[in-house]
Each structure stands twice: as C-alpha cells, then as structure tokens.
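Student: Input structure: coords.cif, which contains mmCIF, C-alpha atoms.
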data_upload
#
loop_
_atom_site.label_atom_id
_atom_site.label_comp_id
_atom_site.auth_asym_id
_atom_site.auth_seq_id
_atom_site.Cartn_x
_atom_site.Cartn_y
_atom_site.Cartn_z
CA MET A 1 -10.72 16.77 -22.86
CA GLN A 2 -8.12 15.09 -25.04
CA HIS A 3 -7.46 11.49 -24.28
CA GLU A 4 -3.72 11.35 -24.63
CA PRO A 5 -2.25 9.04 -22.01
CA SER A 6 -0.70 11.19 -19.36
CA ALA A 7 2.99 11.21 -20.15
CA PRO A 8 5.34 9.72 -17.59
CA PRO A 9 7.77 12.29 -16.20
CA ARG A 10 10.07 13.36 -19.00
CA ARG A 11 13.08 12.68 -16.83
CA ASN A 12 13.49 11.51 -13.31
CA ILE A 13 13.49 14.31 -10.80
CA GLY A 14 16.52 13.96 -8.50
CA LYS A 15 16.31 13.29 -4.79
CA ALA A 16 17.68 16.67 -3.72
CA GLU A 17 15.43 18.41 -6.24
CA LEU A 18 12.36 16.65 -4.83
CA PHE A 19 13.28 17.44 -1.24
CA PHE A 20 14.03 21.11 -1.81
CA GLY A 21 11.07 21.55 -4.15
CA PHE A 22 8.71 20.27 -1.47
CA LEU A 23 10.59 22.14 1.26
CA LYS A 24 9.71 25.32 -0.65
CA ILE A 25 6.10 24.20 -1.10
CA GLY A 26 5.81 23.55 2.64
CA LEU A 27 7.47 26.80 3.60
CA LEU A 28 5.35 28.93 1.25
CA GLY A 29 2.16 26.92 1.69
CA PHE A 30 0.23 29.46 3.66
CA GLY A 31 -3.53 28.99 3.83
CA GLY A 32 -3.72 25.76 1.87
CA ILE A 33 -0.87 24.04 0.17
CA ALA A 34 -2.47 23.09 -3.18
CA PRO A 35 -1.97 26.41 -5.02
CA TRP A 36 1.64 26.55 -3.89
CA ALA A 37 2.25 22.98 -4.96
CA ARG A 38 0.86 23.89 -8.38
CA HIS A 39 2.93 27.08 -8.57
CA ILE A 40 6.20 25.27 -7.84
CA ILE A 41 5.47 21.99 -9.67
CA VAL A 42 3.77 23.34 -12.81
CA GLU A 43 5.04 26.89 -13.27
CA GLU A 44 8.41 27.08 -11.55
CA LYS A 45 9.96 23.59 -11.92
CA ARG A 46 7.80 22.37 -14.80
CA TRP A 47 7.78 18.84 -13.42
CA LEU A 48 4.18 18.33 -14.58
CA THR A 49 1.62 19.95 -16.87
CA ASP A 50 -1.58 21.41 -15.42
CA ARG A 51 -3.44 18.34 -16.65
CA GLU A 52 -1.03 15.88 -15.03
CA PHE A 53 -1.09 17.86 -11.80
CA ALA A 54 -4.90 17.86 -11.77
CA GLU A 55 -4.91 14.08 -12.35
CA LEU A 56 -2.66 13.47 -9.36
CA LEU A 57 -4.63 15.92 -7.25
CA GLY A 58 -7.83 14.11 -8.23
CA VAL A 59 -6.38 10.76 -7.19
CA GLY A 60 -5.10 12.35 -3.97
CA GLN A 61 -8.55 13.78 -3.31
CA VAL A 62 -10.49 10.51 -3.38
CA LEU A 63 -8.00 8.65 -1.18
CA PRO A 64 -8.00 9.22 2.57
CA GLY A 65 -5.39 11.76 3.65
CA PRO A 66 -4.55 15.30 2.53
CA ASN A 67 -4.87 15.58 -1.27
CA VAL A 68 -1.54 17.30 -1.94
CA MET A 69 0.36 14.93 0.34
CA ASN A 70 -1.17 11.97 -1.45
CA ALA A 71 -0.26 13.51 -4.81
CA SER A 72 3.28 14.13 -3.58
CA ILE A 73 3.58 10.44 -2.61
CA LEU A 74 2.78 9.50 -6.21
CA ILE A 75 5.31 12.05 -7.50
CA GLY A 76 8.01 10.87 -5.11
CA ASP A 77 7.46 7.20 -5.90
CA ARG A 78 7.42 7.66 -9.67
CA ASN A 79 10.72 9.51 -9.61
CA GLN A 80 12.74 8.03 -6.77
CA GLY A 81 10.75 5.16 -5.27
CA LEU A 82 10.17 4.88 -1.55
CA ILE A 83 13.06 7.23 -0.72
CA GLY A 84 11.45 9.82 -2.97
CA VAL A 85 8.18 9.45 -1.05
CA VAL A 86 9.93 10.01 2.26
CA LEU A 87 11.82 13.03 0.89
CA CYS A 88 8.65 14.64 -0.47
CA LEU A 89 6.78 14.17 2.83
CA LEU A 90 9.72 15.28 4.96
CA GLY A 91 10.34 18.30 2.74
CA GLN A 92 6.74 19.45 3.11
CA LEU A 93 6.60 18.96 6.86
CA VAL A 94 9.89 19.88 8.44
CA MET A 95 9.69 23.69 8.29
CA PRO A 96 5.94 23.95 8.97
CA LEU A 97 6.37 21.78 12.09
CA ILE A 98 9.10 24.04 13.44
CA ILE A 99 7.08 27.15 12.61
CA VAL A 100 3.83 25.91 14.13
CA VAL A 101 5.53 25.03 17.42
CA ALA A 102 7.32 28.40 17.48
CA LEU A 103 4.00 30.17 16.86
CA ALA A 104 2.34 28.17 19.64
CA VAL A 105 5.05 29.22 22.07
CA PHE A 106 4.65 32.92 21.22
CA TYR A 107 0.91 32.86 20.55
CA ASP A 108 -0.30 34.37 23.80
CA ARG A 109 2.01 37.35 23.54
CA VAL A 110 1.35 38.02 19.85
CA ALA A 111 -2.34 37.30 19.35
CA SER A 112 -3.51 40.40 21.22
CA VAL A 113 -1.58 42.85 19.02
CA PRO A 114 -4.20 44.31 16.62
CA GLU A 115 -1.68 44.80 13.79
CA VAL A 116 -0.64 41.14 13.93
CA ASN A 117 -4.26 40.09 13.87
CA ALA A 118 -5.04 42.36 10.90
CA ALA A 119 -2.01 41.08 9.00
CA LEU A 120 -3.07 37.46 9.56
CA ILE A 121 -6.61 38.18 8.37
CA GLY A 122 -5.29 40.06 5.33
CA ALA A 123 -3.00 37.17 4.43
CA ALA A 124 -5.83 34.69 4.96
CA ALA A 125 -8.08 36.72 2.64
CA ALA A 126 -5.31 36.70 0.04
CA SER A 127 -4.89 32.92 0.50
CA ALA A 128 -8.57 32.41 -0.26
CA GLY A 129 -8.11 34.42 -3.46
CA LEU A 130 -4.99 32.38 -4.23
CA VAL A 131 -6.96 29.13 -4.13
CA LEU A 132 -9.75 30.63 -6.24
CA GLY A 133 -7.39 32.13 -8.85
CA THR A 134 -5.33 28.94 -9.08
CA ALA A 135 -8.42 26.78 -9.65
CA LEU A 136 -9.67 29.16 -12.37
CA LYS A 137 -6.25 29.17 -14.01
CA MET A 138 -6.18 25.37 -14.07
CA VAL A 139 -9.63 25.31 -15.68
CA ARG A 140 -8.40 27.77 -18.30
CA ASN A 141 -5.24 25.77 -19.04
CA ILE A 142 -6.88 22.34 -19.10
CA ARG A 143 -9.84 23.54 -21.19
CA PRO A 144 -12.31 20.83 -20.23
CA THR A 145 -15.11 19.93 -22.63
CA LEU A 146 -18.78 20.17 -21.69
CA LEU A 147 -19.02 16.89 -19.75
CA PRO A 148 -16.09 17.42 -17.36
CA LEU A 149 -17.13 21.05 -17.04
CA GLY A 150 -20.53 19.84 -15.83
CA ILE A 151 -18.97 17.40 -13.35
CA GLY A 152 -16.67 20.09 -11.98
CA ALA A 153 -19.53 22.60 -11.75
CA ALA A 154 -21.66 20.07 -9.85
CA GLY A 155 -18.87 19.45 -7.34
CA PHE A 156 -18.30 23.18 -6.97
CA ALA A 157 -21.99 23.93 -6.44
CA ALA A 158 -22.49 21.12 -3.91
CA ILE A 159 -19.51 22.05 -1.73
CA GLY A 160 -18.86 25.73 -2.44
CA LEU A 161 -22.43 27.06 -2.77
CA LEU A 162 -24.74 24.58 -1.04
CA ARG A 163 -22.08 23.69 1.57
CA TRP A 164 -22.93 20.02 1.57
CA PRO A 165 -20.49 17.81 3.50
CA LEU A 166 -17.54 16.66 1.43
CA VAL A 167 -17.49 12.91 1.97
CA PRO A 168 -21.02 12.08 0.74
CA VAL A 169 -20.58 14.50 -2.18
CA VAL A 170 -17.36 12.76 -3.22
CA LEU A 171 -18.96 9.33 -2.76
CA VAL A 172 -21.77 10.29 -5.14
CA LEU A 173 -19.88 12.54 -7.57
CA VAL A 174 -16.93 10.25 -8.30
CA PRO A 175 -18.98 7.21 -9.42
CA LEU A 176 -21.21 9.53 -11.48
CA ALA A 177 -18.13 11.12 -13.06
CA ILE A 178 -16.67 7.69 -13.86
CA VAL A 179 -19.87 6.41 -15.47
CA ALA A 180 -20.37 9.62 -17.46
CA THR A 181 -16.75 9.64 -18.66
CA TRP A 182 -16.97 5.97 -19.61
CA LEU A 183 -20.23 6.45 -21.53
CA ALA A 184 -18.82 9.49 -23.33
CA ARG A 185 -15.74 7.51 -24.40
CA ARG A 186 -17.74 4.63 -25.81
CA ARG A 187 -19.45 6.87 -28.28
CA MET B 188 3.18 9.18 29.39
CA THR B 189 3.50 6.03 27.28
CA GLY B 190 -0.21 5.49 27.77
CA VAL B 191 -0.99 8.94 26.38
CA LEU B 192 1.33 8.40 23.41
CA LEU B 193 -0.27 5.06 22.58
CA GLU B 194 -3.71 6.62 22.85
CA LEU B 195 -2.66 9.51 20.55
CA ALA B 196 -1.25 7.01 18.06
CA ARG B 197 -4.40 4.89 18.11
CA THR B 198 -6.75 7.89 17.81
CA PHE B 199 -4.98 9.52 14.87
CA ALA B 200 -4.09 6.30 13.04
CA LEU B 201 -7.79 5.35 12.95
CA LEU B 202 -8.78 8.85 11.80
CA SER B 203 -6.11 8.73 9.10
CA LEU B 204 -7.83 5.83 7.37
CA VAL B 205 -11.16 7.68 7.06
CA SER B 206 -9.75 11.12 6.29
CA ILE B 207 -11.14 11.55 2.78
CA GLY B 208 -11.01 15.28 2.19
CA GLY B 209 -8.13 15.84 4.59
CA ILE B 210 -8.10 17.24 8.08
CA ASN B 211 -10.88 19.78 7.66
CA ALA B 212 -13.40 17.01 7.04
CA LEU B 213 -12.26 15.36 10.29
CA LEU B 214 -12.40 18.46 12.45
CA PRO B 215 -15.61 17.63 14.36
CA GLU B 216 -14.39 14.10 15.13
CA ILE B 217 -10.93 15.31 16.23
CA HIS B 218 -12.62 17.82 18.53
CA ARG B 219 -14.83 15.10 19.99
CA GLN B 220 -11.88 12.77 20.64
CA ILE B 221 -9.45 15.35 22.02
CA VAL B 222 -11.80 17.56 24.05
CA ASP B 223 -14.83 15.43 24.91
CA VAL B 224 -13.62 11.82 25.03
CA HIS B 225 -10.06 12.23 26.36
CA GLY B 226 -10.25 15.69 27.91
CA TRP B 227 -6.68 16.43 26.78
CA MET B 228 -7.45 20.03 25.82
CA THR B 229 -10.06 22.62 26.74
CA ASP B 230 -12.37 24.01 24.10
CA GLN B 231 -10.44 27.28 24.12
CA ALA B 232 -7.03 25.59 23.77
CA PHE B 233 -8.38 23.54 20.88
CA ALA B 234 -9.68 26.65 19.10
CA ASN B 235 -6.38 28.45 19.68
CA ALA B 236 -4.41 25.51 18.31
CA PHE B 237 -6.60 25.55 15.20
CA ALA B 238 -5.95 29.27 14.71
CA ILE B 239 -2.21 28.78 15.16
CA ALA B 240 -2.09 25.89 12.69
CA ASN B 241 -3.97 28.01 10.16
CA ALA B 242 -1.53 30.89 10.60
CA SER B 243 1.36 28.55 9.83
CA PRO B 244 2.41 27.54 6.33
CA GLY B 245 2.32 23.93 5.25
CA PRO B 246 -0.08 21.00 5.00
CA ASN B 247 -2.96 21.32 7.44
CA ILE B 248 -2.15 18.02 9.16
CA ILE B 249 0.27 20.12 11.21
CA PHE B 250 -2.83 20.91 13.29
CA VAL B 251 -2.71 17.28 14.44
CA SER B 252 1.02 17.63 15.11
CA LEU B 253 0.35 20.69 17.23
CA ILE B 254 -2.29 18.84 19.25
CA GLY B 255 0.33 16.16 19.91
CA TRP B 256 2.77 18.87 21.01
CA GLN B 257 0.23 20.45 23.37
CA VAL B 258 -0.76 17.09 24.86
CA ALA B 259 2.64 15.39 25.23
CA GLY B 260 5.48 17.63 24.02
CA LEU B 261 7.95 16.56 21.34
CA PRO B 262 7.18 12.80 21.63
CA GLY B 263 3.49 13.67 21.28
CA LEU B 264 4.20 15.75 18.18
CA LEU B 265 6.18 12.98 16.53
CA VAL B 266 3.72 10.22 17.42
CA SER B 267 0.66 12.21 16.29
CA THR B 268 2.29 13.28 13.02
CA LEU B 269 3.35 9.74 12.13
CA ALA B 270 0.01 8.28 13.21
CA ILE B 271 -2.06 10.61 11.00
CA LEU B 272 0.43 10.25 8.13
CA ILE B 273 1.41 6.59 7.84
CA PRO B 274 -1.92 4.78 7.28
CA SER B 275 -3.24 7.10 4.56
CA SER B 276 0.21 7.46 2.98
CA THR B 277 0.68 3.70 2.78
CA LEU B 278 -2.66 3.43 1.03
CA ALA B 279 -1.72 6.23 -1.38
CA TYR B 280 1.63 4.57 -2.07
CA PHE B 281 0.07 1.28 -3.13
CA ALA B 282 -2.79 2.98 -4.98
CA GLY B 283 -0.21 5.01 -6.92
CA ARG B 284 1.76 1.86 -7.76
CA ALA B 285 -1.40 0.14 -8.99
CA LEU B 286 -2.28 3.16 -11.15
CA THR B 287 1.20 3.18 -12.68
CA ARG B 288 1.18 -0.55 -13.33
CA TRP B 289 -2.23 -0.49 -15.00
CA SER B 290 -1.74 2.93 -16.60
CA HIS B 291 -2.53 1.60 -20.09
CA HIS B 292 -5.71 -0.12 -19.04
CA PRO B 293 -8.76 1.73 -20.40
CA ALA B 294 -10.42 1.73 -16.97
CA VAL B 295 -7.51 3.67 -15.49
CA ALA B 296 -7.69 6.20 -18.30
CA VAL B 297 -11.41 6.68 -17.56
CA LEU B 298 -10.69 7.03 -13.85
CA ARG B 299 -8.03 9.68 -14.44
CA ASP B 300 -10.22 11.65 -16.82
CA ALA B 301 -13.14 11.48 -14.39
CA LEU B 302 -11.09 12.67 -11.41
CA ILE B 303 -9.66 15.79 -13.09
CA PRO B 304 -12.92 17.81 -13.03
CA VAL B 305 -13.66 16.56 -9.50
CA ALA B 306 -10.32 17.96 -8.33
CA LEU B 307 -10.93 21.26 -10.13
CA GLY B 308 -14.49 21.66 -8.82
CA LEU B 309 -13.46 20.95 -5.24
CA MET B 310 -10.51 23.34 -5.39
CA LEU B 311 -12.78 26.08 -6.70
CA ALA B 312 -15.24 25.28 -3.92
CA SER B 313 -12.54 25.45 -1.28
CA GLY B 314 -11.51 28.91 -2.53
CA VAL B 315 -15.09 30.15 -2.21
CA SER B 316 -15.56 28.49 1.20
CA MET B 317 -12.37 30.12 2.46
CA MET B 318 -13.58 33.51 1.23
CA ARG B 319 -16.91 33.03 2.99
CA THR B 320 -15.12 32.20 6.23
CA VAL B 321 -12.38 34.82 6.15
CA ASP B 322 -13.78 37.81 4.31
CA ARG B 323 -15.80 39.92 6.75
CA ASP B 324 -15.64 43.40 5.20
CA VAL B 325 -15.12 45.20 1.88
CA VAL B 326 -11.35 45.34 2.33
CA THR B 327 -10.89 41.60 2.78
CA VAL B 328 -13.22 40.80 -0.13
CA LEU B 329 -11.15 43.12 -2.33
CA ILE B 330 -7.92 41.51 -1.13
CA SER B 331 -9.27 38.06 -2.05
CA LEU B 332 -10.49 39.15 -5.50
CA ALA B 333 -7.30 41.08 -6.27
CA THR B 334 -5.19 38.07 -5.31
CA ALA B 335 -7.31 35.78 -7.49
CA ALA B 336 -6.84 38.16 -10.42
CA PHE B 337 -3.09 38.39 -9.75
CA VAL B 338 -2.69 34.60 -9.74
CA TYR B 339 -4.94 34.13 -12.76
CA THR B 340 -3.13 36.64 -14.92
CA THR B 341 0.55 36.33 -13.96
CA ARG B 342 3.10 33.62 -13.28
CA ARG B 343 4.74 35.67 -10.55
CA ASN B 344 5.26 34.27 -7.09
CA PRO B 345 1.93 34.50 -5.18
CA LEU B 346 3.92 35.51 -2.10
CA TRP B 347 3.79 39.09 -3.45
CA ALA B 348 0.00 39.04 -3.32
CA LEU B 349 -0.01 37.49 0.15
CA SER B 350 2.35 40.12 1.55
CA ALA B 351 0.36 42.87 -0.10
CA GLY B 352 -2.84 41.47 1.38
CA ALA B 353 -1.37 41.48 4.88
CA LEU B 354 -0.02 45.04 4.50
CA VAL B 355 -3.24 46.42 3.02
CA ASN B 356 -5.30 44.99 5.86
CA VAL B 357 -2.95 46.46 8.48
CA ALA B 358 -3.11 49.82 6.69
CA ALA B 359 -6.91 49.62 6.62
CA LEU B 360 -6.85 49.21 10.38
CA HIS B 361 -5.32 52.67 10.74
CA VAL B 362 -6.94 54.48 7.82
CA LEU B 363 -10.56 53.35 8.06
#
Could you take the file, read its structure, and then write that structure out as structure tokens?

Tutor:
Amino acid sequence: MQHEPSAPPRRNIGKAELFFGFLKIGLLGFGGIAPWARHIIVEEKRWLTDREFAELLGVGQVLPGPNVMNASILIGDRNQGLIGVVLCLLGQLVMPLIIVVALAVFYDRVASVPEVNAALIGAAAASAGLVLGTALKMVRNIRPTLLPLGIGAAGFAAIGLLRWPLVPVVLVLVPLAIVATWLARRR
Amino acid sequence: MTGVLLELARTFALLSLVSIGGINALLPEIHRQIVDVHGWMTDQAFANAFAIANASPGPNIIFVSLIGWQVAGLPGLLVSTLAILIPSSTLAYFAGRALTRWSHHPAVAVLRDALIPVALGLMLASGVSMMRTVDRDVVTVLISLATAAFVYTTRRNPLWALSAGALVNVAALHVL
C-alpha cells in the first residue's frame, strides 16, 4: 500500500449535500448499508476515494457502534462539525425508521403471501452478493500489497469461513495488524 | 410507562458502549435482555421484529428502534434509538477528532494503514456469511453471484441487481 497521507476532503461538503446524500444511503441501504454508502460516497458523489472510505470504515469497525454510522460521524464532523454529524445520522435514519414501523404494522397481512416472501428472499440473496462484490471491488481498487492482503485474508477466514465470533477476532487481529504494519514501515 | 422508557434507555445505552461489530454482534444479549430478563416480547415477536428490520433498508440499529416501538410505541422508538446511538456516537465523534488532530503523527498513519485490510476482510466475510444464511437453493446462489459480478464490473446503481434478484426469485416460485 502506498503511504501517502490520506488527503483531507478536497472541499467541504455542504450541509444539504450531506443530509440528502445520507438520506439516499439510508433509503437504498437494503441488506446492509456499507455497500450503498460506498456506492454513493465513492462512485456517485466522489466525496472520498476507495482508500479513504476503507480507512474510515476501518476506524468505524473497531469502535463500538455500527461501522458505517461511525464512519459517517467522522465524515459529518470533518465537513460541517457537530451539525454535520447530526445531519448524517438523521439522514440515514429518518426514512428507514418510517419504513420499518410501516412494515411492522402490515407484517401480519403481508408475510403469508408466498410472492412477497420469495421477493424478500431474492432481494436478500442479491444483497449478500452486493456486499461480496463491493468488498472485492474495493480490494481491486486499493490494490493492497502482500502484508495487508494477508491481514485481510486472516480476518476473512476467521469470520467468513471459520465463523469465529467477531469481537475476539477483532481484538486479536487489530493489534497484530498494527504491529505488522509498524514493523513493515520501519524497514 | 416512564419506568419502561427509563429501563429501555438504560439497557440500550449500556449495550451501545460494547457494540463493537454493530447490532449483529449484540443479538444474543439483546434477546436475553428483551425476552428473558424483562419479558417485554415473546420469542416469536422478537424473531418477527428481526425479520421486519432485515426487510427494511437502512442501518441495522433500526432493529433496536423497532423493539422500542413494539414495547412502548413512539416514545419507546425514540428513546431506544437515541440510547443505542448516543454513547457509541459520542465516542466515535471524539475518536474522529483525535485522529484528525494527530493525523500527521506516524502512529496514526500506521493505525490507518493497519485498519484498511481489517475493514476489507470483514466486509468480505460478511458477504459470505450473508450468502450462507440466505442462499438455500441454486436460484438464490445464482442471484448472489450474479449481483456480485454486476457490482464488481459496473458502476451502475446496485438497485437494478436487487430488483432483478427479487423478480427472478418470484418467477422461480412459479416456474420451478
């Protein structure tokens, strides 16, 4: 991986832009919000590069709380301070909250329709592919060298293949990754 | 009512501080608190709420919001959402500020570089875990793989792939 300092945002993203950007992320964020956040932030709005997005997601991952929400707090604060944070969180949550309550109200009537059930399963299967494809695309775009590739592969194998619980894996993997990265830089 | 709201606030605010890995990592503990300790929901209602939250777009903490709604209506929804959100968000806010302030310190550069592959590995893992949970037949596996290929190769809106996945699975219901 190159060691260029991650560039600060090229320009400040406006308050309305932040709110509506995250409103869209929340509204589209079916089956996991991370790929949608990447689609809007990296590809559509070009607020961040893949590398910068992965950095924020990594920070968001090791802190308590949902990783994308944590990342969005950093994005909101860097561009518009505390108001930006509130706008990013509100944007992500307002439509999903309305939708989830509406679904809960209609759930009993709708859940027994086989077509509805099949559509939900089909969309969920697509969402799983969306997460997978997005992660692979980020790996392609970031082009990690051997060491980070090994760290990522270890994390993937522990959680995705061996199905070890997340918290202990993160508690072991992150210090290992830090030491390895630090040793590699000293050389 | 106020007692229930305070109890919701206390329960979720404490969970918020230990929620490394988001809501899914907390699921067993949330179930224990809501169903076993407080008896606010039955097992079935809890499972249904989880299914509904998963069928909705948005961050998966809306599952906690929905529990609040089921337990105590709109006040419950607001209290639960804020309780799960504010502690971890406050921590993230100050952690982000510290990272920005020390961004030129070599240790921060190492930290950032080290976290990138962790984020990538875990995202890849979550894609595979989701496939293992959701994909139960050839059709759903194909939908997942086709969507992954679509996202990998194009910059188009993934909503196309999601809609196609839903339609294909409904069609499969009638054809197969």

Student: Could you pull the residues within 12 Å of B:Asn211, counting only C-alpha atoms, minus those fewer than 2 positions along the same chain, as a PyMOL selection string?

Tutor: (chain A and resi 32+65-67+165-167) or (chain B and resi 202+206-209+213-218+237+240-241+246-251+313+316-317)

Student: So that I can see what lies close to stretch 331-336 of chain B, please list as JSON, numbers by chain the residues with an atom at most 8 Å from it, counting only C-alpha atoms and leaving out residues fewer than 2 positions away in the same chain.

Tutor: {"A": [125, 126, 127, 128, 129, 130, 131, 132, 133, 134], "B": [318, 322, 327, 328, 329, 338, 339, 340, 345, 348, 349, 352]}

Student: Could you spell out the hits of the PyMOL selection byres ((chain A) within 6 of (chain B)) on the shown file, as JSON, numbers by chain?

Tutor: {"A": [26, 27, 29, 30, 33, 54, 55, 58, 63, 64, 65, 66, 70, 74, 96, 100, 115, 118, 119, 122, 123, 125, 126, 128, 129, 130, 131, 132, 133, 135, 137, 148, 152, 153, 155, 156, 159, 160, 177, 178, 181, 182]}

Student: Considering all atoms listed in the file, can you say which of A:Leu120, A:Val105, A:Ile98, A:Val62 comes closest to A:Pro175?

Tutor: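 Closest to A:Pro175, using all atoms listed in the file: A:Val62.
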
Student: Could you jot down the atom CA of A:Leu90 to atom CA of B:Leu195 separation for me, Å, one decimal place?

Tutor: 20.7 Å
